[in-house]
$ cat work-v1.txt   # compact mmCIF, C-alpha atoms
# COMPACT_ATOMS: atom_id res chain seq x y z
CA MET A 21 33.79 64.25 -42.41
CA PRO A 22 29.99 64.56 -42.33
CA ASP A 23 28.36 63.51 -39.08
CA GLU A 24 24.82 63.60 -40.46
CA PRO A 25 24.31 59.82 -41.07
CA TYR A 26 25.39 59.03 -37.54
CA THR A 27 23.60 61.75 -35.55
CA PRO A 28 21.11 60.18 -33.10
CA THR A 29 17.51 60.95 -33.99
CA HIS A 30 16.57 61.11 -30.32
CA SER A 31 17.99 63.59 -27.88
CA PRO A 32 20.28 62.06 -25.23
CA ALA A 33 17.97 63.56 -22.66
CA ARG A 34 15.01 61.54 -23.95
CA ALA A 35 15.83 57.87 -23.64
CA ILE A 36 13.36 55.63 -25.47
CA PRO A 37 11.25 53.77 -22.89
CA ARG A 38 11.75 50.03 -22.87
CA PRO A 39 10.70 47.05 -20.74
CA ALA A 40 12.54 46.46 -17.48
CA ALA A 41 13.77 43.07 -18.61
CA GLY A 42 14.83 41.51 -21.86
CA PRO A 43 18.20 41.14 -23.57
CA ALA A 44 19.55 43.59 -26.06
CA ARG A 45 19.56 42.30 -29.56
CA ALA A 46 21.58 42.92 -32.67
CA GLU A 47 19.44 43.70 -35.67
CA ALA A 48 20.91 42.86 -39.06
CA SER A 49 20.22 44.96 -42.06
CA GLY A 50 21.82 43.72 -45.22
CA THR A 51 25.52 43.66 -44.56
CA GLY A 52 25.47 46.41 -41.89
CA THR A 53 24.86 45.83 -38.21
CA ALA A 54 22.74 48.02 -36.00
CA LEU A 55 22.76 47.40 -32.27
CA THR A 56 19.30 48.29 -30.99
CA PRO A 57 17.74 48.21 -27.53
CA PRO A 58 14.84 45.91 -26.63
CA PRO A 59 11.53 47.01 -28.23
CA PRO A 60 9.87 50.02 -26.60
CA THR A 61 6.53 49.69 -24.96
CA PRO A 62 3.61 50.14 -27.36
CA GLU A 63 2.55 53.37 -25.65
CA ALA A 64 5.97 54.99 -26.24
CA ALA A 65 6.91 53.44 -29.55
CA PRO A 66 8.48 55.92 -31.94
CA PRO A 67 6.95 56.25 -35.40
CA SER A 68 9.80 54.40 -37.10
CA SER A 69 13.10 53.12 -35.80
CA ALA A 70 14.12 50.25 -38.03
CA ALA A 71 17.33 50.25 -39.99
CA THR A 72 16.61 49.46 -43.62
CA GLY A 73 19.91 48.13 -44.80
CA PRO A 74 23.57 48.91 -45.18
CA GLY A 75 22.81 52.07 -47.03
CA THR A 76 21.41 53.43 -43.77
CA ALA A 77 23.83 51.76 -41.43
CA GLY A 78 24.66 55.02 -39.73
CA GLN A 79 20.99 55.93 -39.34
CA GLY A 80 20.08 52.45 -38.16
CA ALA A 81 22.34 52.67 -35.15
CA ALA A 82 21.48 56.27 -34.58
CA GLU A 83 17.87 55.24 -33.94
CA GLN A 84 18.95 53.93 -30.55
CA GLY A 85 19.99 57.45 -29.54
CA ALA A 86 20.89 57.75 -25.90
CA THR A 87 19.89 54.16 -25.20
CA GLY A 88 22.87 52.74 -27.06
CA PRO A 89 25.53 50.52 -25.49
CA GLY A 90 27.27 53.51 -24.02
CA THR A 91 24.38 54.23 -21.68
CA THR A 92 24.33 52.17 -18.54
CA GLY A 93 21.23 53.60 -16.92
CA GLN A 94 17.71 52.19 -16.56
CA GLY A 95 18.39 48.51 -15.99
CA ASP A 96 20.89 47.55 -18.65
CA ALA A 97 21.05 43.81 -19.28
CA PRO A 98 24.34 41.99 -18.55
CA GLY A 99 24.85 41.45 -22.28
CA ARG A 100 24.70 45.17 -22.91
CA VAL A 101 27.20 45.91 -20.15
CA TRP A 102 29.52 43.23 -21.53
CA LEU A 103 29.23 44.68 -25.04
CA THR A 104 29.96 48.16 -23.74
CA ARG A 105 33.14 46.98 -22.04
CA LEU A 106 34.18 45.11 -25.17
CA LEU A 107 33.69 48.25 -27.25
CA VAL A 108 35.87 50.23 -24.84
CA VAL A 109 38.63 47.65 -25.18
CA GLY A 110 38.24 47.62 -28.97
CA LEU A 111 38.37 51.40 -29.13
CA VAL A 112 41.57 51.57 -27.05
CA LEU A 113 43.32 48.78 -28.96
CA ALA A 114 42.35 50.31 -32.29
CA ALA A 115 43.74 53.69 -31.22
CA LEU A 116 46.98 52.09 -30.07
CA ASN A 117 47.49 50.81 -33.64
CA LEU A 118 46.97 54.10 -35.46
CA ARG A 119 50.66 55.15 -35.46
CA PRO A 120 53.12 52.28 -34.70
CA ALA A 121 53.33 51.35 -38.39
CA ILE A 122 54.76 54.83 -38.96
CA THR A 123 56.90 55.53 -35.91
CA SER A 124 58.42 52.05 -35.80
CA LEU A 125 59.64 52.59 -39.35
CA GLY A 126 61.13 55.94 -38.41
CA ALA A 127 63.15 54.30 -35.66
CA LEU A 128 64.65 51.78 -38.13
CA LEU A 129 64.68 53.84 -41.32
CA GLU A 130 68.46 53.68 -41.73
CA GLU A 131 68.45 49.89 -41.47
CA VAL A 132 65.55 49.66 -43.91
CA ARG A 133 67.30 51.94 -46.40
CA THR A 134 70.45 49.83 -46.25
CA GLY A 135 68.60 46.52 -46.43
CA LEU A 136 66.47 47.52 -49.40
CA HIS A 137 69.24 49.58 -51.12
CA MET A 138 66.89 52.54 -50.99
CA SER A 139 68.04 55.96 -52.16
CA GLY A 140 67.51 59.07 -50.09
CA GLY A 141 64.84 60.25 -52.49
CA VAL A 142 62.88 57.02 -52.21
CA ALA A 143 63.23 57.15 -48.43
CA GLY A 144 61.80 60.65 -48.53
CA LEU A 145 58.91 59.34 -50.63
CA LEU A 146 58.35 56.63 -48.05
CA THR A 147 57.99 59.19 -45.28
CA SER A 148 55.45 61.16 -47.35
CA VAL A 149 53.24 58.15 -48.03
CA PRO A 150 51.29 58.31 -44.71
CA PRO A 151 49.61 61.69 -45.25
CA LEU A 152 48.95 60.80 -48.89
CA CYS A 153 47.22 57.55 -47.88
CA PHE A 154 45.29 59.31 -45.14
CA ALA A 155 43.95 61.81 -47.68
CA VAL A 156 43.14 59.27 -50.39
CA PHE A 157 41.68 56.43 -48.33
CA GLY A 158 40.09 58.60 -45.64
CA ILE A 159 37.64 59.97 -48.21
CA ALA A 160 36.16 56.49 -48.64
CA ALA A 161 35.54 55.91 -44.92
CA PRO A 162 32.08 57.56 -44.60
CA ARG A 163 30.76 55.75 -47.66
CA LEU A 164 32.06 52.40 -46.44
CA ALA A 165 30.62 53.04 -42.98
CA ARG A 166 27.17 53.75 -44.41
CA ARG A 167 27.26 50.56 -46.44
CA PHE A 168 28.83 48.12 -43.98
CA GLY A 169 28.67 49.83 -40.60
CA PRO A 170 31.59 51.64 -38.94
CA ALA A 171 32.43 48.74 -36.60
CA ALA A 172 32.89 46.37 -39.54
CA VAL A 173 35.11 48.88 -41.35
CA VAL A 174 37.27 49.44 -38.26
CA CYS A 175 37.58 45.66 -37.82
CA ALA A 176 38.70 45.35 -41.45
CA GLY A 177 41.05 48.32 -40.95
CA MET A 178 42.78 46.60 -38.05
CA ALA A 179 43.14 43.45 -40.17
CA ALA A 180 44.68 45.51 -42.99
CA ILE A 181 47.16 47.02 -40.55
CA ALA A 182 48.09 43.57 -39.24
CA VAL A 183 48.63 42.13 -42.71
CA GLY A 184 50.47 45.15 -44.09
CA VAL A 185 52.84 45.46 -41.12
CA ALA A 186 53.53 41.71 -41.11
CA VAL A 187 54.18 41.44 -44.85
CA ARG A 188 56.12 44.60 -45.72
CA PRO A 189 59.51 43.63 -44.17
CA PHE A 190 59.51 40.42 -46.21
CA ALA A 191 58.06 41.77 -49.45
CA GLY A 192 61.39 41.34 -51.23
CA GLY A 193 62.12 44.87 -52.42
CA THR A 194 61.18 48.52 -52.29
CA PRO A 195 58.00 48.24 -54.44
CA GLY A 196 56.64 45.44 -52.27
CA PHE A 197 57.59 47.32 -49.12
CA LEU A 198 55.74 50.41 -50.36
CA ALA A 199 52.66 48.39 -51.38
CA ALA A 200 52.40 46.61 -48.03
CA SER A 201 52.94 49.89 -46.22
CA ALA A 202 50.09 51.41 -48.24
CA LEU A 203 47.84 48.53 -47.17
CA ALA A 204 48.59 49.18 -43.51
CA LEU A 205 48.15 52.92 -43.98
CA MET A 206 44.80 52.36 -45.66
CA GLY A 207 43.61 50.55 -42.55
CA ILE A 208 44.91 53.41 -40.40
CA ALA A 209 43.21 56.04 -42.59
CA LEU A 210 39.81 54.33 -42.46
CA SER A 211 40.00 53.81 -38.70
CA ASN A 212 41.23 57.38 -38.15
CA VAL A 213 38.13 58.80 -39.75
CA LEU A 214 35.68 56.42 -38.09
CA MET A 215 36.85 56.64 -34.47
CA PRO A 216 34.65 59.71 -33.78
CA VAL A 217 31.78 57.92 -35.52
CA ILE A 218 32.20 54.89 -33.24
CA VAL A 219 32.20 57.15 -30.18
CA LYS A 220 29.09 59.04 -31.35
CA ARG A 221 27.21 55.86 -32.19
CA TYR A 222 27.95 53.71 -29.18
CA PHE A 223 28.71 56.32 -26.49
CA PRO A 224 26.44 59.28 -27.31
CA ASP A 225 26.34 60.45 -23.68
CA ARG A 226 30.11 60.13 -23.14
CA VAL A 227 31.60 61.68 -26.27
CA GLY A 228 34.18 63.78 -24.41
CA THR A 229 35.33 60.98 -22.12
CA MET A 230 35.66 58.37 -24.85
CA THR A 231 37.32 60.81 -27.25
CA GLY A 232 39.88 61.61 -24.55
CA LEU A 233 40.41 57.91 -23.91
CA TYR A 234 41.15 56.96 -27.51
CA SER A 235 43.23 60.13 -28.05
CA MET A 236 45.36 59.15 -25.08
CA ALA A 237 45.73 55.61 -26.43
CA LEU A 238 46.72 56.99 -29.85
CA ALA A 239 49.46 59.13 -28.29
CA LEU A 240 50.63 56.18 -26.20
CA GLY A 241 50.91 53.92 -29.24
CA THR A 242 52.80 56.59 -31.15
CA SER A 243 55.43 57.12 -28.46
CA LEU A 244 55.66 53.47 -27.47
CA ALA A 245 56.57 52.32 -30.99
CA ALA A 246 59.19 55.06 -31.30
CA ALA A 247 60.77 54.21 -27.94
CA VAL A 248 60.85 50.41 -27.89
CA THR A 249 61.25 49.37 -31.54
CA VAL A 250 65.06 49.51 -31.48
CA PRO A 251 65.51 47.63 -28.17
CA VAL A 252 62.89 45.06 -29.17
CA THR A 253 64.69 44.54 -32.48
CA ALA A 254 67.96 43.96 -30.62
CA ALA A 255 66.28 41.55 -28.22
CA LEU A 256 64.81 39.54 -31.12
CA GLY A 257 68.13 39.07 -32.89
CA GLY A 258 68.85 42.42 -34.50
CA ALA A 259 67.05 41.95 -37.84
CA TRP A 260 65.10 45.05 -38.83
CA GLN A 261 62.51 42.86 -40.53
CA THR A 262 61.57 41.28 -37.21
CA GLY A 263 61.58 44.62 -35.42
CA LEU A 264 58.99 46.00 -37.85
CA ALA A 265 56.88 42.86 -38.20
CA VAL A 266 56.44 42.40 -34.44
CA TRP A 267 53.97 45.31 -34.37
CA SER A 268 51.52 43.23 -36.38
CA VAL A 269 50.82 41.28 -33.17
CA LEU A 270 49.28 44.38 -31.59
CA ALA A 271 47.09 44.86 -34.67
CA VAL A 272 45.91 41.23 -34.56
CA LEU A 273 44.87 41.76 -30.93
CA ALA A 274 42.94 44.84 -32.02
CA VAL A 275 40.87 42.80 -34.49
CA LEU A 276 39.50 40.45 -31.82
CA PRO A 277 37.20 42.77 -29.81
CA TRP A 278 35.40 43.92 -32.95
CA ILE A 279 34.48 40.43 -34.15
CA PRO A 280 31.60 39.97 -31.65
CA VAL A 281 30.28 43.42 -32.60
CA VAL A 282 29.90 42.37 -36.25
CA ARG A 283 29.27 38.66 -35.65
CA ASP A 284 25.58 38.91 -36.58
CA HIS A 285 26.72 38.83 -40.18
CA ARG A 286 28.71 35.63 -40.01
CA THR A 287 27.48 34.58 -43.44
CA ALA A 288 28.67 37.80 -45.08
CA TRP A 289 32.07 37.62 -43.37
CA ALA A 290 32.42 33.91 -44.16
CA LEU A 291 31.71 34.66 -47.82
CA ALA A 292 34.28 37.46 -47.80
CA CYS A 293 36.91 35.16 -46.27
CA PHE A 294 36.08 32.33 -48.69
CA PHE A 295 36.25 34.72 -51.64
CA GLY A 296 39.53 36.21 -50.45
CA LEU A 297 41.23 32.88 -49.78
CA GLN A 298 40.20 31.38 -53.12
CA ALA A 299 41.44 34.55 -54.83
CA THR A 300 44.73 34.21 -52.93
CA GLY A 301 45.19 30.67 -54.25
CA ALA A 302 44.22 31.66 -57.78
CA TYR A 303 46.65 34.58 -58.02
CA ILE A 304 49.47 32.59 -56.44
CA THR A 305 48.84 29.84 -58.99
CA MET A 306 48.74 32.21 -61.94
CA GLY A 307 51.87 33.99 -60.83
CA TRP A 308 54.07 31.21 -59.49
CA LEU A 309 52.98 27.82 -60.87
CA PRO A 310 55.16 27.96 -64.01
CA GLN A 311 58.19 28.87 -61.88
CA ILE A 312 57.52 25.91 -59.58
CA PHE A 313 57.52 23.58 -62.55
CA ARG A 314 60.60 25.19 -64.10
CA ASP A 315 62.55 24.88 -60.85
CA ALA A 316 61.63 21.18 -60.88
CA GLY A 317 63.23 20.76 -64.33
CA VAL A 318 60.19 21.18 -66.55
CA PRO A 319 60.97 23.13 -69.77
CA ALA A 320 59.70 26.69 -69.87
CA GLY A 321 57.32 26.03 -72.77
CA THR A 322 55.80 23.02 -71.04
CA ALA A 323 55.46 24.97 -67.80
CA GLY A 324 53.41 27.57 -69.64
CA VAL A 325 51.17 24.88 -71.14
CA LEU A 326 50.67 23.38 -67.68
CA LEU A 327 49.45 26.74 -66.41
CA ALA A 328 47.09 26.91 -69.40
CA VAL A 329 45.73 23.47 -68.45
CA THR A 330 45.08 24.72 -64.93
CA MET A 331 43.24 27.75 -66.22
CA VAL A 332 41.23 25.91 -68.90
CA MET A 333 39.68 23.64 -66.27
CA GLY A 334 37.54 26.63 -65.41
CA VAL A 335 35.81 26.55 -68.79
CA PRO A 336 33.60 23.46 -68.29
CA LEU A 337 33.54 23.55 -64.49
CA ALA A 338 32.51 27.20 -64.35
CA PHE A 339 29.32 26.12 -66.11
CA VAL A 340 28.70 22.88 -64.21
CA ILE A 341 29.50 23.90 -60.63
CA PRO A 342 27.04 26.81 -60.35
CA ARG A 343 24.23 24.64 -61.77
CA VAL A 344 24.93 21.86 -59.26
CA ALA A 345 25.38 24.31 -56.38
CA GLY A 346 22.10 26.07 -57.22
CA ARG A 347 20.20 22.79 -56.73
CA MET A 348 21.74 22.18 -53.29
CA ARG A 349 20.47 23.67 -50.05
CA GLN A 350 24.03 23.72 -48.67
CA GLN A 351 27.15 24.13 -50.81
CA GLY A 352 29.61 22.91 -48.16
CA PRO A 353 30.22 19.52 -49.84
CA ILE A 354 31.34 21.23 -53.06
CA VAL A 355 33.62 23.52 -51.05
CA VAL A 356 35.26 20.49 -49.42
CA VAL A 357 35.75 18.65 -52.73
CA LEU A 358 37.42 21.70 -54.29
CA GLY A 359 39.57 22.23 -51.21
CA LEU A 360 40.73 18.62 -51.11
CA SER A 361 41.67 18.89 -54.80
CA GLY A 362 43.86 21.85 -53.94
CA LEU A 363 45.48 20.05 -51.02
CA ALA A 364 46.23 17.06 -53.27
CA GLY A 365 47.71 19.34 -55.93
CA TYR A 366 50.02 21.13 -53.48
CA ALA A 367 51.05 17.83 -51.90
CA GLY A 368 51.92 16.52 -55.35
CA LEU A 369 54.00 19.59 -56.13
CA LEU A 370 55.94 18.97 -52.93
CA ALA A 371 56.47 15.26 -53.51
CA ALA A 372 56.92 14.88 -57.28
CA PRO A 373 56.53 18.20 -59.12
CA ALA A 374 57.90 17.04 -62.46
CA SER A 375 56.74 13.43 -62.78
CA GLY A 376 53.13 14.20 -61.88
CA ALA A 377 53.01 17.69 -63.34
CA TRP A 378 49.92 17.16 -65.53
CA LEU A 379 47.88 15.68 -62.70
CA TRP A 380 48.85 18.46 -60.30
CA ALA A 381 47.92 21.07 -62.89
CA ILE A 382 44.47 19.50 -63.33
CA LEU A 383 43.86 19.23 -59.58
CA LEU A 384 44.80 22.86 -59.03
CA GLY A 385 42.52 23.84 -61.92
CA VAL A 386 39.63 22.06 -60.20
CA SER A 387 40.48 23.83 -56.94
CA ASN A 388 40.52 27.23 -58.64
CA CYS A 389 36.87 26.72 -59.61
CA ALA A 390 35.99 27.91 -56.13
CA PHE A 391 35.60 31.30 -57.86
CA PRO A 392 32.34 30.51 -59.73
CA LEU A 393 31.11 28.72 -56.61
CA ALA A 394 31.74 31.86 -54.53
CA LEU A 395 29.78 33.95 -57.05
CA THR A 396 26.92 31.45 -56.93
CA MET A 397 26.79 31.55 -53.14
CA ILE A 398 26.72 35.35 -53.18
CA GLY A 399 23.56 35.15 -55.27
CA MET A 400 22.01 32.56 -52.95
CA ARG A 401 22.79 34.20 -49.61
CA ALA A 402 20.49 37.21 -50.02
CA ARG A 403 16.74 37.33 -50.63
CA THR A 404 16.53 40.44 -52.80
CA GLY A 405 18.39 41.95 -55.69
CA ALA A 406 19.45 44.89 -53.56
CA GLY A 407 20.71 42.49 -50.90
CA VAL A 408 22.78 40.63 -53.47
CA VAL A 409 24.30 43.90 -54.67
CA ARG A 410 25.35 44.86 -51.14
CA LEU A 411 26.61 41.38 -50.31
CA SER A 412 28.56 41.14 -53.56
CA ALA A 413 30.19 44.52 -52.97
CA PHE A 414 31.17 43.59 -49.43
CA ALA A 415 32.38 40.04 -50.15
CA GLN A 416 34.40 41.01 -53.21
CA CYS A 417 35.91 44.21 -51.83
CA ALA A 418 36.91 42.60 -48.54
CA GLY A 419 37.92 39.39 -50.28
CA TYR A 420 40.24 40.99 -52.82
CA LEU A 421 41.80 43.07 -50.06
CA LEU A 422 42.44 39.86 -48.14
CA SER A 423 44.09 38.29 -51.17
CA VAL A 424 46.73 41.02 -51.64
CA PRO A 425 49.44 39.72 -49.28
CA GLY A 426 49.40 36.10 -50.47
CA PRO A 427 51.47 36.32 -53.65
CA ILE A 428 53.86 38.77 -51.96
CA LEU A 429 54.38 36.44 -49.01
CA VAL A 430 54.95 33.43 -51.26
CA GLY A 431 57.59 35.35 -53.21
CA ALA A 432 59.30 36.43 -50.00
CA LEU A 433 59.33 32.87 -48.63
CA TYR A 434 60.71 31.58 -51.93
CA GLN A 435 63.48 34.19 -51.91
CA HIS A 436 64.50 33.69 -48.29
CA SER A 437 64.20 29.88 -48.17
CA GLY A 438 65.67 29.23 -51.60
CA GLY A 439 63.05 26.58 -52.43
CA TRP A 440 59.36 25.78 -52.65
CA THR A 441 58.83 23.75 -49.50
CA ALA A 442 57.82 26.67 -47.29
CA PRO A 443 55.71 28.47 -49.93
CA LEU A 444 53.85 25.28 -50.86
CA ALA A 445 53.26 24.50 -47.19
CA LEU A 446 51.74 27.96 -46.80
CA MET A 447 49.56 27.49 -49.88
CA ALA A 448 48.34 24.12 -48.64
CA GLY A 449 47.74 25.53 -45.17
CA LEU A 450 45.51 28.28 -46.56
CA MET A 451 43.19 25.63 -48.01
CA VAL A 452 42.07 24.67 -44.50
CA PRO A 453 40.56 28.06 -43.52
CA GLN A 454 39.22 28.35 -47.07
CA MET A 455 37.23 25.15 -46.61
CA ALA A 456 36.07 26.21 -43.15
CA ALA A 457 34.89 29.61 -44.38
CA GLY A 458 33.25 28.06 -47.43
CA VAL A 459 31.30 25.53 -45.39
CA LEU A 460 30.11 28.32 -43.10
CA ALA A 461 29.15 30.50 -46.06
CA GLY A 462 27.42 27.59 -47.77
CA ARG A 463 24.78 27.09 -45.07
CA ASP A 464 21.14 27.46 -46.06
CA ARG A 465 20.49 30.98 -44.78
CA THR A 466 20.61 34.55 -45.98
CA VAL A 467 22.27 37.69 -44.67
CA GLU A 468 18.83 39.10 -43.93
CA ASP A 469 18.56 36.41 -41.23
CA GLY A 470 21.37 38.13 -39.35
CA LYS A 471 23.38 34.90 -39.10
$ encode --input "work-v1.txt" --output "structure tokens"
Amino acid sequence: MPDEPYTPTHSPARAIPRPAAGPARAEASGTGTALTPPPPTPEAAPPSSAATGPGTAGQGAAEQGATGPGTTGQGDAPGRVWLTRLLVVGLVLAALNLRPAITSLGALLEEVRTGLHMSGGVAGLLTSVPPLCFAVFGIAAPRLARRFGPAAVVCAGMAAIAVGVAVRPFAGGTPGFLAASALALMGIALSNVLMPVIVKRYFPDRVGTMTGLYSMALALGTSLAAAVTVPVTAALGGAWQTGLAVWSVLAVLAVLPWIPVVRDHRTAWALACFFGLQATGAYITMGWLPQIFRDAGVPAGTAGVLLAVTMVMGVPLAFVIPRVAGRMRQQGPIVVVLGLSGLAGYAGLLAAPASGAWLWAILLGVSNCAFPLALTMIGMRARTGAGVVRLSAFAQCAGYLLSVPGPILVGALYQHSGGWTAPLALMAGLMVPQMAAGVLAGRDRTVEDGK
């Protein structure tokens, strides 16, 4: 893995002079985040130290050199000390999550094989997936880090681990189990590669100490999952699904410390969440809506036409909504209207799926028009063409990744509950964070503002 983009441009022995007082600030560049010290005094100002965007995310943070968060000398502000401690916690928790998805499965492999009717050959394939994923996805880590910043990629990696580990036991078969495992392993692969980058960027004067710390945490997580998975499974009722899924809690905890590190790009993250949640609803609708109607007694042909009605609503609204949204300073009201349409549609499917089928199909079609709205907001939340390109890449890549577990989880809930009450409740519940993220993303500001 090349270290060049992340090598500090100032020697650790030459800290950049800075005023005795003044809080550290986070400087936003596109969709990357560079944590920089307070401005140097005019007499000692370096020729150039500004990050120029996500494409130079590694260089942007490297400009701080030895005065990064890892350095506690020369009058660090309380905010810097707090951030340093938070980064230590985030580093340890991330390292703890780099192996439990693998070793917990090894401890319960026999139960998983029996439960999924998995052959020995497929089980062997399953055990070979981790190194394959590490090789394939690890290659992308440096490029993603340069574009979005390593902290943001590690945060997303922890989220991928949490989702993959939570979903795979309930994916409903071997293919789903393998796909969810690959999602978790992708998060592990990206974080694996970027841990040294995080240490170099934020702790340039303590590389050995911090590397030892996260290596120790990695080994602890590996052995802990192997040792306690079986007794924890027994304590939780004996189901192997629960014994594997419980490790997602540790991954969720690992996401939290990284959020403040990347919070200066709330708009970009809100757009990614809004895009991902609307994509989740759209793919669930396309995949499962006809089955919902058929289970309610609607003929198969009519169920297909109802899905077509839902999809065709996007033809006129995909033209109207962007035009209306482009004339508004804030797009939150449109987000709320579309979200309420979705809530009404799901409520109708729960209460009277057959008798009100046409109305529910139309309402869900209106709700699915959050897609052109999301594309419009991407274009409005950056000042330059290059900024839009970076924001679009981030929001869509992260968003589509977020949408992967939704259809799988709905299918698993449908299979295990034997009806649509639980899946529809989940689908309706997802509309609430979708509206919240959309309102946040729809504020009148750009990612260049760092908010």
$ atom_distance --input "work-v1.txt" --atom1 "CA of Trp378 in chain A" --atom2 "CA of Leu393 in chain A"
23.8 Å
$ closest_residue --input "work-v1.txt" --among "A:Leu363, A:Ala246, A:Leu309, A:Gly431" --to "Gly449 in chain A" --atoms "only C-alpha atoms"
A:Leu363
$ residues_around --input "work-v1.txt" --residues "Met306 in chain A" --least-positions-apart "4" --cutoff "10 Å" --atoms "all atoms listed in the file" --output "JSON, numbers by chain"
{"A": [301, 302, 310, 327, 328, 330, 331, 427]}
$ write_last_selection --input "work-v1.txt" --atoms "C-alpha atoms" --output "mmCIF file, keeping the file's coordinate frame"
data_model
loop_
_atom_site.group_PDB
_atom_site.id
_atom_site.type_symbol
_atom_site.label_atom_id
_atom_site.label_comp_id
_atom_site.auth_asym_id
_atom_site.auth_seq_id
_atom_site.Cartn_x
_atom_site.Cartn_y
_atom_site.Cartn_z
ATOM 1 C CA GLY A 301 45.190 30.670 -54.250
ATOM 2 C CA ALA A 302 44.220 31.660 -57.780
ATOM 3 C CA PRO A 310 55.160 27.960 -64.010
ATOM 4 C CA LEU A 327 49.450 26.740 -66.410
ATOM 5 C CA ALA A 328 47.090 26.910 -69.400
ATOM 6 C CA THR A 330 45.080 24.720 -64.930
ATOM 7 C CA MET A 331 43.240 27.750 -66.220
ATOM 8 C CA PRO A 427 51.470 36.320 -53.650
#
$ atom_distance --input "work-v1.txt" --atom1 "CA of Leu370 in chain A" --atom2 "CA of Ala457 in chain A"
25.1 Å
$ closest_atom_pairs --input "work-v1.txt" --of "range 217-288 of chain A" --to "range 135-148 of chain A" --cutoff "12 Å" --atoms "only C-alpha atoms" --output "CSV"
residue,atom,partner,partner_atom,distance
A:Ala259,CA,A:Gly135,CA,9.9
A:Trp260,CA,A:Gly135,CA,8.5
A:Gln261,CA,A:Gly135,CA,9.2
$ write_last_selection --input "work-v1.txt" --atoms "C-alpha atoms" --output "tab-separated table (two decimals), keeping the file's coordinate frame"
chain	number	residue	atom	x	y	z
A	259	ALA	CA	67.05	41.95	-37.84
A	260	TRP	CA	65.10	45.05	-38.83
A	261	GLN	CA	62.51	42.86	-40.53
$ atom_distance --input "work-v1.txt" --atom1 "CA of Pro162 in chain A" --atom2 "CA of Ala182 in chain A"
21.9 Å
$ residues_around --input "work-v1.txt" --residues "Asn212 in chain A" --least-positions-apart "6" --cutoff "10 Å" --atoms "all atoms listed in the file" --output "number ranges by chain"
A: 114-115, 118, 154, 158, 161, 174, 177, 206, 238
$ closest_residue --input "work-v1.txt" --among "A:Val386, A:Gly257, A:Val219, A:Leu210" --to "Tyr234 in chain A" --atoms "all atoms listed in the file"
A:Val219
$ closest_residue --input "work-v1.txt" --among "A:Ala418, A:Ala406, A:Ala372, A:Ile218" --to "Trp278 in chain A" --atoms "all atoms listed in the file"
A:Ile218
$ closest_residue --input "work-v1.txt" --among "A:Val250, A:Gly192, A:Val108, A:Met178" --to "Leu125 in chain A" --atoms "only C-alpha atoms"
A:Val250
$ residues_around --input "work-v1.txt" --residues "Leu264 in chain A" --least-positions-apart "6" --cutoff "10 Å" --atoms "all atoms listed in the file" --output "count of residues only"
19
$ residues_around --input "work-v1.txt" --residues "range 287-296 of chain A" --least-positions-apart "2" --cutoff "7 Å" --atoms "all atoms listed in the file" --output "list in words"
Thr51, His285, Gln298, Ala299, Thr300, Ala394, Leu411, Ala415, Gln416, Ala418, Gly419, Tyr420, Leu422, Ser423, Gln454, Ala457, Gly458, Leu460, Ala461, Val467 and Lys471 of chain A
$ residues_around --input "work-v1.txt" --residues "Ala237 in chain A" --least-positions-apart "4" --cutoff "12 Å" --atoms "all atoms listed in the file" --output "ChimeraX atom specification"
/A:108-120,230-233,241-244
$ closest_residue --input "work-v1.txt" --among "A:Met451, A:Val149, A:Ala377, A:Val156" --to "Gly324 in chain A" --atoms "all atoms listed in the file"
A:Ala377
$ closest_residue --input "work-v1.txt" --among "A:Asn388, A:Gln350, A:Ser211, A:Ser375" --to "Gly334 in chain A" --atoms "all atoms listed in the file"
A:Asn388
